[in-house]
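Visitor: mmCIF, C-alpha atoms, saved as coords14.cif, coming up:
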```cif
data_start
loop_
_atom_site.group_PDB
_atom_site.id
_atom_site.type_symbol
_atom_site.label_atom_id
_atom_site.label_comp_id
_atom_site.auth_asym_id
_atom_site.auth_seq_id
_atom_site.Cartn_x
_atom_site.Cartn_y
_atom_site.Cartn_z
ATOM 1 C CA ALA I 1 4.716 -5.712 16.359
ATOM 2 C CA GLN I 2 2.220 -6.078 13.576
ATOM 3 C CA LYS I 3 2.192 -8.807 10.996
ATOM 4 C CA VAL I 4 0.001 -9.690 8.046
ATOM 5 C CA THR I 5 0.161 -13.124 6.476
ATOM 6 C CA GLN I 6 -1.155 -13.942 3.041
ATOM 7 C CA ALA I 7 -0.159 -17.558 2.665
ATOM 8 C CA GLN I 8 -1.382 -17.940 -0.904
ATOM 9 C CA THR I 9 1.228 -16.728 -3.347
ATOM 10 C CA GLU I 10 -0.822 -17.317 -6.473
ATOM 11 C CA ILE I 11 -4.298 -18.553 -7.247
ATOM 12 C CA SER I 12 -5.354 -19.528 -10.741
ATOM 13 C CA VAL I 13 -8.999 -19.944 -11.628
ATOM 14 C CA VAL I 14 -11.143 -20.187 -14.691
ATOM 15 C CA GLU I 15 -13.577 -17.402 -15.340
ATOM 16 C CA LYS I 16 -16.812 -17.612 -13.325
ATOM 17 C CA GLU I 17 -15.209 -19.592 -10.553
ATOM 18 C CA ASP I 18 -15.172 -18.166 -7.055
ATOM 19 C CA VAL I 19 -11.871 -17.376 -5.413
ATOM 20 C CA THR I 20 -11.128 -16.739 -1.757
ATOM 21 C CA LEU I 21 -8.023 -14.923 -0.587
ATOM 22 C CA ASP I 22 -6.880 -15.523 2.949
ATOM 23 C CA CYS I 23 -5.480 -12.893 5.287
ATOM 24 C CA VAL I 24 -4.351 -13.471 8.857
ATOM 25 C CA TYR I 25 -3.112 -10.613 10.986
ATOM 26 C CA GLU I 26 -1.325 -10.125 14.269
ATOM 27 C CA THR I 27 -1.430 -7.088 16.503
ATOM 28 C CA ARG I 28 -1.558 -6.318 20.184
ATOM 29 C CA ASP I 29 -3.530 -3.152 19.646
ATOM 30 C CA THR I 30 -7.223 -3.266 20.363
ATOM 31 C CA THR I 31 -7.956 -0.572 17.812
ATOM 32 C CA TYR I 32 -6.774 -1.286 14.309
ATOM 33 C CA TYR I 33 -7.846 -1.074 10.697
ATOM 34 C CA LEU I 34 -7.772 -3.712 8.005
ATOM 35 C CA PHE I 35 -7.670 -3.030 4.310
ATOM 36 C CA TRP I 36 -7.699 -4.816 0.991
ATOM 37 C CA TYR I 37 -6.113 -3.309 -2.097
ATOM 38 C CA LYS I 38 -5.935 -4.468 -5.689
ATOM 39 C CA GLN I 39 -2.766 -3.816 -7.650
ATOM 40 C CA PRO I 40 -2.988 -4.259 -11.422
ATOM 41 C CA PRO I 41 0.203 -4.529 -13.513
ATOM 42 C CA SER I 42 0.328 -0.746 -13.882
ATOM 43 C CA GLY I 43 1.174 -0.550 -10.182
ATOM 44 C CA GLU I 44 -1.371 1.746 -8.651
ATOM 45 C CA LEU I 45 -3.177 0.566 -5.545
ATOM 46 C CA VAL I 46 -6.923 0.359 -5.889
ATOM 47 C CA PHE I 47 -8.748 0.636 -2.581
ATOM 48 C CA LEU I 48 -11.326 -2.105 -2.004
ATOM 49 C CA ILE I 49 -12.347 -1.987 1.630
ATOM 50 C CA ARG I 50 -11.480 -0.729 5.099
ATOM 51 C CA ARG I 51 -12.650 -2.311 8.316
ATOM 52 C CA ASN I 52 -12.017 -1.183 11.869
ATOM 53 C CA SER I 53 -11.506 -3.618 14.680
ATOM 54 C CA PHE I 54 -14.854 -2.870 16.260
ATOM 55 C CA ASP I 55 -16.866 -3.699 13.202
ATOM 56 C CA GLU I 56 -17.021 -7.417 12.566
ATOM 57 C CA GLN I 57 -19.943 -7.210 10.234
ATOM 58 C CA ASN I 58 -19.261 -8.938 6.968
ATOM 59 C CA GLU I 59 -19.640 -6.900 3.832
ATOM 60 C CA ILE I 60 -20.700 -7.525 0.283
ATOM 61 C CA SER I 61 -20.041 -5.172 -2.578
ATOM 62 C CA GLY I 62 -21.129 -6.529 -5.915
ATOM 63 C CA ARG I 63 -19.062 -9.633 -6.619
ATOM 64 C CA TYR I 64 -16.765 -8.909 -3.682
ATOM 65 C CA SER I 65 -17.345 -10.014 -0.127
ATOM 66 C CA TRP I 66 -15.300 -9.938 3.037
ATOM 67 C CA ASN I 67 -15.369 -12.128 6.121
ATOM 68 C CA PHE I 68 -13.848 -10.534 9.217
ATOM 69 C CA GLN I 69 -13.384 -12.820 12.202
ATOM 70 C CA LYS I 70 -11.564 -11.434 15.220
ATOM 71 C CA SER I 71 -11.609 -14.826 16.928
ATOM 72 C CA THR I 72 -9.254 -16.186 14.281
ATOM 73 C CA SER I 73 -7.621 -12.839 13.374
ATOM 74 C CA SER I 74 -8.663 -13.276 9.803
ATOM 75 C CA PHE I 75 -10.013 -10.962 7.150
ATOM 76 C CA ASN I 76 -10.698 -13.054 4.086
ATOM 77 C CA PHE I 77 -11.791 -11.783 0.705
ATOM 78 C CA THR I 78 -13.941 -13.622 -1.820
ATOM 79 C CA ILE I 79 -14.480 -12.795 -5.452
ATOM 80 C CA THR I 80 -17.621 -14.431 -6.765
ATOM 81 C CA ALA I 81 -17.942 -15.384 -10.411
ATOM 82 C CA SER I 82 -14.450 -14.181 -11.232
ATOM 83 C CA GLN I 83 -13.701 -12.299 -14.415
ATOM 84 C CA VAL I 84 -10.509 -11.796 -16.386
ATOM 85 C CA VAL I 85 -10.407 -8.190 -15.194
ATOM 86 C CA ASP I 86 -10.002 -9.470 -11.656
ATOM 87 C CA SER I 87 -6.501 -10.659 -12.523
ATOM 88 C CA ALA I 88 -4.156 -8.671 -10.301
ATOM 89 C CA VAL I 89 -2.185 -8.835 -7.085
ATOM 90 C CA TYR I 90 -4.301 -8.358 -3.996
ATOM 91 C CA PHE I 91 -2.848 -7.026 -0.772
ATOM 92 C CA CYS I 92 -4.230 -7.230 2.712
ATOM 93 C CA ALA I 93 -2.948 -4.505 5.020
ATOM 94 C CA LEU I 94 -3.094 -3.573 8.678
ATOM 95 C CA SER I 95 -2.853 -0.142 10.269
ATOM 96 C CA THR I 96 -2.940 0.724 13.938
ATOM 97 C CA ASP I 97 -3.108 4.472 13.457
ATOM 98 C CA SER I 98 -5.425 6.765 11.571
ATOM 99 C CA TRP I 99 -2.722 8.226 9.362
ATOM 100 C CA GLY I 100 -2.087 5.317 7.079
ATOM 101 C CA LYS I 101 1.048 3.639 8.305
ATOM 102 C CA PHE I 102 0.509 0.227 6.796
ATOM 103 C CA GLN I 103 1.862 -3.228 7.302
ATOM 104 C CA PHE I 104 1.175 -5.060 4.065
ATOM 105 C CA GLY I 105 0.886 -8.772 3.526
ATOM 106 C CA ALA I 106 2.983 -10.445 0.860
ATOM 107 C CA GLY I 107 0.184 -10.259 -1.647
ATOM 108 C CA THR I 108 -1.691 -12.900 -3.606
ATOM 109 C CA GLN I 109 -1.510 -13.011 -7.386
ATOM 110 C CA VAL I 110 -4.890 -13.901 -8.854
ATOM 111 C CA VAL I 111 -4.917 -15.187 -12.406
ATOM 112 C CA VAL I 112 -8.280 -15.579 -14.068
ATOM 113 C CA THR I 113 -8.276 -17.311 -17.428
ATOM 114 C CA PRO I 114 -11.142 -17.300 -19.924
ATOM 115 C CA GLY N 1 -9.277 11.986 -10.309
ATOM 116 C CA ALA N 2 -6.255 11.344 -8.178
ATOM 117 C CA VAL N 3 -6.110 13.196 -4.900
ATOM 118 C CA VAL N 4 -2.488 12.243 -4.334
ATOM 119 C CA SER N 5 -0.230 12.721 -7.308
ATOM 120 C CA GLN N 6 3.249 11.384 -7.808
ATOM 121 C CA HIS N 7 5.759 12.626 -10.313
ATOM 122 C CA PRO N 8 7.413 11.279 -12.302
ATOM 123 C CA SER N 9 5.541 8.080 -13.048
ATOM 124 C CA TRP N 10 8.580 6.602 -14.738
ATOM 125 C CA VAL N 11 12.198 7.598 -14.479
ATOM 126 C CA ILE N 12 15.414 6.114 -15.767
ATOM 127 C CA CYS N 13 18.652 7.438 -14.388
ATOM 128 C CA LYS N 14 22.295 6.591 -14.617
ATOM 129 C CA SER N 15 24.090 4.891 -11.797
ATOM 130 C CA GLY N 16 25.614 7.408 -9.424
ATOM 131 C CA THR N 17 23.146 10.181 -10.109
ATOM 132 C CA SER N 18 20.324 11.385 -7.893
ATOM 133 C CA VAL N 19 16.644 11.359 -8.679
ATOM 134 C CA LYS N 20 13.779 13.154 -6.984
ATOM 135 C CA ILE N 21 10.224 11.854 -6.713
ATOM 136 C CA GLU N 22 7.406 14.141 -5.683
ATOM 137 C CA CYS N 23 4.266 13.243 -3.770
ATOM 138 C CA ARG N 24 1.650 15.928 -3.788
ATOM 139 C CA SER N 25 -1.745 16.016 -2.122
ATOM 140 C CA LEU N 26 -4.084 17.846 -4.451
ATOM 141 C CA ASP N 27 -7.241 18.424 -2.466
ATOM 142 C CA PHE N 28 -6.125 18.416 1.118
ATOM 143 C CA GLN N 29 -3.336 19.221 3.507
ATOM 144 C CA ALA N 30 -1.284 16.385 4.894
ATOM 145 C CA THR N 31 1.011 16.758 7.866
ATOM 146 C CA THR N 32 2.064 13.145 7.496
ATOM 147 C CA MET N 33 2.903 11.184 4.375
ATOM 148 C CA PHE N 34 4.411 7.748 3.994
ATOM 149 C CA TRP N 35 6.866 6.366 1.472
ATOM 150 C CA TYR N 36 6.853 2.711 0.459
ATOM 151 C CA ARG N 37 9.114 0.698 -1.789
ATOM 152 C CA GLN N 38 8.151 -2.368 -3.737
ATOM 153 C CA PHE N 39 10.671 -4.604 -5.477
ATOM 154 C CA PRO N 40 9.420 -6.762 -8.358
ATOM 155 C CA LYS N 41 6.995 -9.447 -7.257
ATOM 156 C CA GLN N 42 7.334 -8.428 -3.640
ATOM 157 C CA SER N 43 5.199 -6.630 -1.119
ATOM 158 C CA LEU N 44 5.198 -2.973 -0.254
ATOM 159 C CA MET N 45 7.588 -2.083 2.496
ATOM 160 C CA LEU N 46 7.390 1.100 4.503
ATOM 161 C CA MET N 47 10.530 3.170 4.089
ATOM 162 C CA ALA N 48 9.804 6.263 6.093
ATOM 163 C CA THR N 49 7.273 8.590 7.588
ATOM 164 C CA SER N 50 7.440 12.097 6.211
ATOM 165 C CA ASN N 51 6.518 14.786 8.720
ATOM 166 C CA GLU N 52 5.762 18.325 7.635
ATOM 167 C CA GLY N 53 8.234 20.747 9.100
ATOM 168 C CA SER N 54 10.389 18.158 10.802
ATOM 169 C CA LYS N 55 12.716 15.303 10.059
ATOM 170 C CA ALA N 56 11.448 12.132 8.536
ATOM 171 C CA THR N 57 11.300 8.945 10.547
ATOM 172 C CA TYR N 58 12.995 6.056 8.815
ATOM 173 C CA GLU N 59 12.277 2.368 9.194
ATOM 174 C CA GLN N 60 15.019 0.069 10.328
ATOM 175 C CA GLY N 61 17.400 -0.751 7.543
ATOM 176 C CA VAL N 62 16.578 2.267 5.397
ATOM 177 C CA GLU N 63 19.530 4.602 4.911
ATOM 178 C CA LYS N 64 18.435 8.115 5.708
ATOM 179 C CA ASP N 65 21.435 9.634 3.936
ATOM 180 C CA LYS N 66 20.604 7.769 0.767
ATOM 181 C CA PHE N 67 16.877 8.362 0.740
ATOM 182 C CA LEU N 68 16.389 12.017 1.529
ATOM 183 C CA ILE N 69 12.883 13.048 2.421
ATOM 184 C CA ASN N 70 11.714 16.619 2.518
ATOM 185 C CA HIS N 71 8.221 17.638 3.590
ATOM 186 C CA ALA N 72 8.473 21.381 3.340
ATOM 187 C CA SER N 73 4.819 22.131 2.843
ATOM 188 C CA LEU N 74 1.500 20.640 3.805
ATOM 189 C CA THR N 75 0.902 19.387 0.299
ATOM 190 C CA LEU N 76 4.291 18.168 -0.875
ATOM 191 C CA SER N 77 6.763 15.532 0.181
ATOM 192 C CA THR N 78 9.790 14.629 -1.892
ATOM 193 C CA LEU N 79 11.942 11.535 -1.891
ATOM 194 C CA THR N 80 15.420 11.905 -3.326
ATOM 195 C CA VAL N 81 17.397 8.777 -4.071
ATOM 196 C CA THR N 82 21.007 9.887 -3.905
ATOM 197 C CA SER N 83 23.840 8.173 -5.727
ATOM 198 C CA ALA N 84 21.405 5.694 -7.171
ATOM 199 C CA HIS N 85 22.513 2.175 -8.010
ATOM 200 C CA PRO N 86 20.799 -0.576 -9.978
ATOM 201 C CA GLU N 87 19.668 -2.225 -6.750
ATOM 202 C CA ASP N 88 17.610 0.891 -6.019
ATOM 203 C CA SER N 89 15.487 0.136 -9.052
ATOM 204 C CA SER N 90 12.031 -0.297 -7.633
ATOM 205 C CA PHE N 91 8.475 0.980 -7.484
ATOM 206 C CA TYR N 92 8.096 3.831 -5.022
ATOM 207 C CA ILE N 93 4.675 4.856 -3.790
ATOM 208 C CA CYS N 94 3.513 7.399 -1.284
ATOM 209 C CA SER N 95 0.388 7.740 0.802
ATOM 210 C CA ALA N 96 -1.226 10.620 2.626
ATOM 211 C CA SER N 97 -4.146 11.309 4.885
ATOM 212 C CA PRO N 98 -5.928 14.633 5.318
ATOM 213 C CA ARG N 99 -4.863 16.731 8.264
ATOM 214 C CA GLY N 100 -6.546 15.346 11.306
ATOM 215 C CA GLY N 101 -6.387 11.794 10.139
ATOM 216 C CA GLY N 102 -9.792 10.282 9.915
ATOM 217 C CA ASN N 103 -8.739 7.065 8.272
ATOM 218 C CA THR N 104 -9.222 8.187 4.694
ATOM 219 C CA ILE N 105 -5.901 7.266 3.178
ATOM 220 C CA TYR N 106 -4.898 8.036 -0.365
ATOM 221 C CA PHE N 107 -2.090 6.482 -2.335
ATOM 222 C CA GLY N 108 -0.233 8.102 -5.155
ATOM 223 C CA GLU N 109 -0.020 6.396 -8.519
ATOM 224 C CA GLY N 110 3.520 5.281 -7.802
ATOM 225 C CA SER N 111 6.830 5.917 -9.496
ATOM 226 C CA TRP N 112 8.890 3.333 -11.344
ATOM 227 C CA LEU N 113 12.607 3.932 -10.950
ATOM 228 C CA THR N 114 15.131 2.164 -13.134
ATOM 229 C CA VAL N 115 18.805 2.777 -12.520
ATOM 230 C CA VAL N 116 21.082 1.775 -15.377
#
```
Could I get this structure in the form of structure tokens?

Guide:
Amino acid sequence: AQKVTQAQTEISVVEKEDVTLDCVYETRDTTYYLFWYKQPPSGELVFLIRRNSFDEQNEISGRYSWNFQKSTSSFNFTITASQVVDSAVYFCALSTDSWGKFQFGAGTQVVVTP
Amino acid sequence: GAVVSQHPSWVICKSGTSVKIECRSLDFQATTMFWYRQFPKQSLMLMATSNEGSKATYEQGVEKDKFLINHASLTLSTLTVTSAHPEDSSFYICSASPRGGGNTIYFGEGSWLTVV
């Protein structure tokens, strides 16, 4: 069985602060895919990143960065110099097939105040 | 633009009636689509796997007779909530991947259902 744990329910920061969102996953499959999505109040899911289990290289995209560590089964996400527009719910998700059957974490609400 | 389109975006229906939500892949064919449900302030939970030309596969606890899924073509899957009740009020969202998989997964914009 697969499981994704996002222990942080809500994180509140002041603009320009950094914020790190934790994601811990469980799976017995050796091939799997990890994702992060942003969900603004309107509901749509905004794709942020996909990582496969064989690629542990960390990634940086603008103010976003991801730290993938198989040894601890974690795939953490950091927003640097947060902005009000970053306020949203962020979901970490796990898939063990290539078709998109996801196991989502509970989500973390990020609130960035001016 | 969206490559997976859902319709309607918002729907309000009376208790006891049925409502249909469409999930359409615009630029590709999808033999498999997925339907998720999200209650307010909760996570997205997989409801069912929609398979083109065959019966849908439902997750444990999801009533297949209540949530009818039809995937009659390679670009369209429909979810019909039958005899809707207020507790069915939720955000429904679908996802699809181009035929052959390949790990490019697209989500629809989602549909907000309110049953009054």

Visitor: List as a PyMOL selection string the protein and nucleic acid residues near Ala7 (chain I), meaning an atom at most 12 Å away when all atoms listed in the file are counted, but skip any in the same chain fewer than 2 places from it.

Guide: chain I and resi 4-5+9-11+20-25+74+76+91-92+105-109

Visitor: Residues around (-7.5, -5.5, -7.7), cut-off 6 Å, counting only C-alpha atoms - what are they as an mmCIF file with C-alpha atoms, in the frame of the given file?

Guide:
```
data_model
loop_
_atom_site.group_PDB
_atom_site.id
_atom_site.type_symbol
_atom_site.label_atom_id
_atom_site.label_comp_id
_atom_site.auth_asym_id
_atom_site.auth_seq_id
_atom_site.Cartn_x
_atom_site.Cartn_y
_atom_site.Cartn_z
ATOM 1 C CA LYS I 38 -5.935 -4.468 -5.689
ATOM 2 C CA GLN I 39 -2.766 -3.816 -7.650
ATOM 3 C CA PRO I 40 -2.988 -4.259 -11.422
ATOM 4 C CA ALA I 88 -4.156 -8.671 -10.301
ATOM 5 C CA TYR I 90 -4.301 -8.358 -3.996
#
```

Visitor: Counting all atoms listed in the file, which residues from chain I have an atom at most 9 Å from any atom of chain N, and could you show them as a ChimeraX atom specification?

Guide: /I:33,42-47,50,91,97-107

Visitor: Rounded to one decimal place, report the CA of Arg63 (chain I)-CA of Leu48 (chain I) distance in Å.

Guide: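 Result for CA of Arg63 (chain I) versus CA of Leu48 (chain I): 11.7 Å, one decimal.
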
Visitor: Applied to this file, what does the PyMOL selection byres ((chain I and resi 1) around 7) return in terms of residues, put as a list in words?

Guide: Gln2, Lys3 and Thr27 of chain I

Visitor: Would you mind exporting region 62-102 of chain N with C-alpha atoms, as an mmCIF file, in the first residue's frame?

Guide:
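After the write, result03.cif holds the following:
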```cif
data_model
loop_
_atom_site.group_PDB
_atom_site.id
_atom_site.type_symbol
_atom_site.label_atom_id
_atom_site.label_comp_id
_atom_site.auth_asym_id
_atom_site.auth_seq_id
_atom_site.Cartn_x
_atom_site.Cartn_y
_atom_site.Cartn_z
ATOM 1 C CA VAL N 62 -17.204 4.121 -3.406
ATOM 2 C CA GLU N 63 -20.673 3.041 -4.500
ATOM 3 C CA LYS N 64 -20.549 2.082 -8.138
ATOM 4 C CA ASP N 65 -24.327 2.305 -8.501
ATOM 5 C CA LYS N 66 -24.322 5.838 -7.188
ATOM 6 C CA PHE N 67 -21.350 7.139 -9.118
ATOM 7 C CA LEU N 68 -21.792 5.936 -12.664
ATOM 8 C CA ILE N 69 -18.772 6.237 -14.887
ATOM 9 C CA ASN N 70 -18.892 5.932 -18.631
ATOM 10 C CA HIS N 71 -15.806 6.067 -20.831
ATOM 11 C CA ALA N 72 -17.334 5.519 -24.222
ATOM 12 C CA SER N 73 -14.670 7.192 -26.287
ATOM 13 C CA LEU N 74 -10.964 7.820 -26.096
ATOM 14 C CA THR N 75 -11.494 11.463 -25.277
ATOM 15 C CA LEU N 76 -14.470 11.496 -22.933
ATOM 16 C CA SER N 77 -15.287 10.096 -19.534
ATOM 17 C CA THR N 78 -18.427 11.024 -17.649
ATOM 18 C CA LEU N 79 -19.258 10.789 -13.981
ATOM 19 C CA THR N 80 -22.931 10.736 -13.089
ATOM 20 C CA VAL N 81 -23.910 11.250 -9.480
ATOM 21 C CA THR N 82 -27.276 9.556 -9.169
ATOM 22 C CA SER N 83 -29.884 10.475 -6.594
ATOM 23 C CA ALA N 84 -27.604 13.147 -5.244
ATOM 24 C CA HIS N 85 -27.754 14.140 -1.596
ATOM 25 C CA PRO N 86 -26.215 17.070 0.255
ATOM 26 C CA GLU N 87 -23.388 14.851 1.481
ATOM 27 C CA ASP N 88 -22.343 14.382 -2.147
ATOM 28 C CA SER N 89 -21.540 18.069 -2.338
ATOM 29 C CA SER N 90 -17.871 18.140 -3.164
ATOM 30 C CA PHE N 91 -15.194 19.091 -5.659
ATOM 31 C CA TYR N 92 -14.779 16.471 -8.360
ATOM 32 C CA ILE N 93 -11.690 16.433 -10.534
ATOM 33 C CA CYS N 94 -10.490 14.119 -13.237
ATOM 34 C CA SER N 95 -7.080 13.318 -14.636
ATOM 35 C CA ALA N 96 -5.886 11.732 -17.842
ATOM 36 C CA SER N 97 -2.691 10.635 -19.482
ATOM 37 C CA PRO N 98 -2.070 10.296 -23.213
ATOM 38 C CA ARG N 99 -2.442 6.836 -24.663
ATOM 39 C CA GLY N 100 0.694 4.944 -23.894
ATOM 40 C CA GLY N 101 1.227 6.594 -20.578
ATOM 41 C CA GLY N 102 4.524 8.339 -20.441
#
```
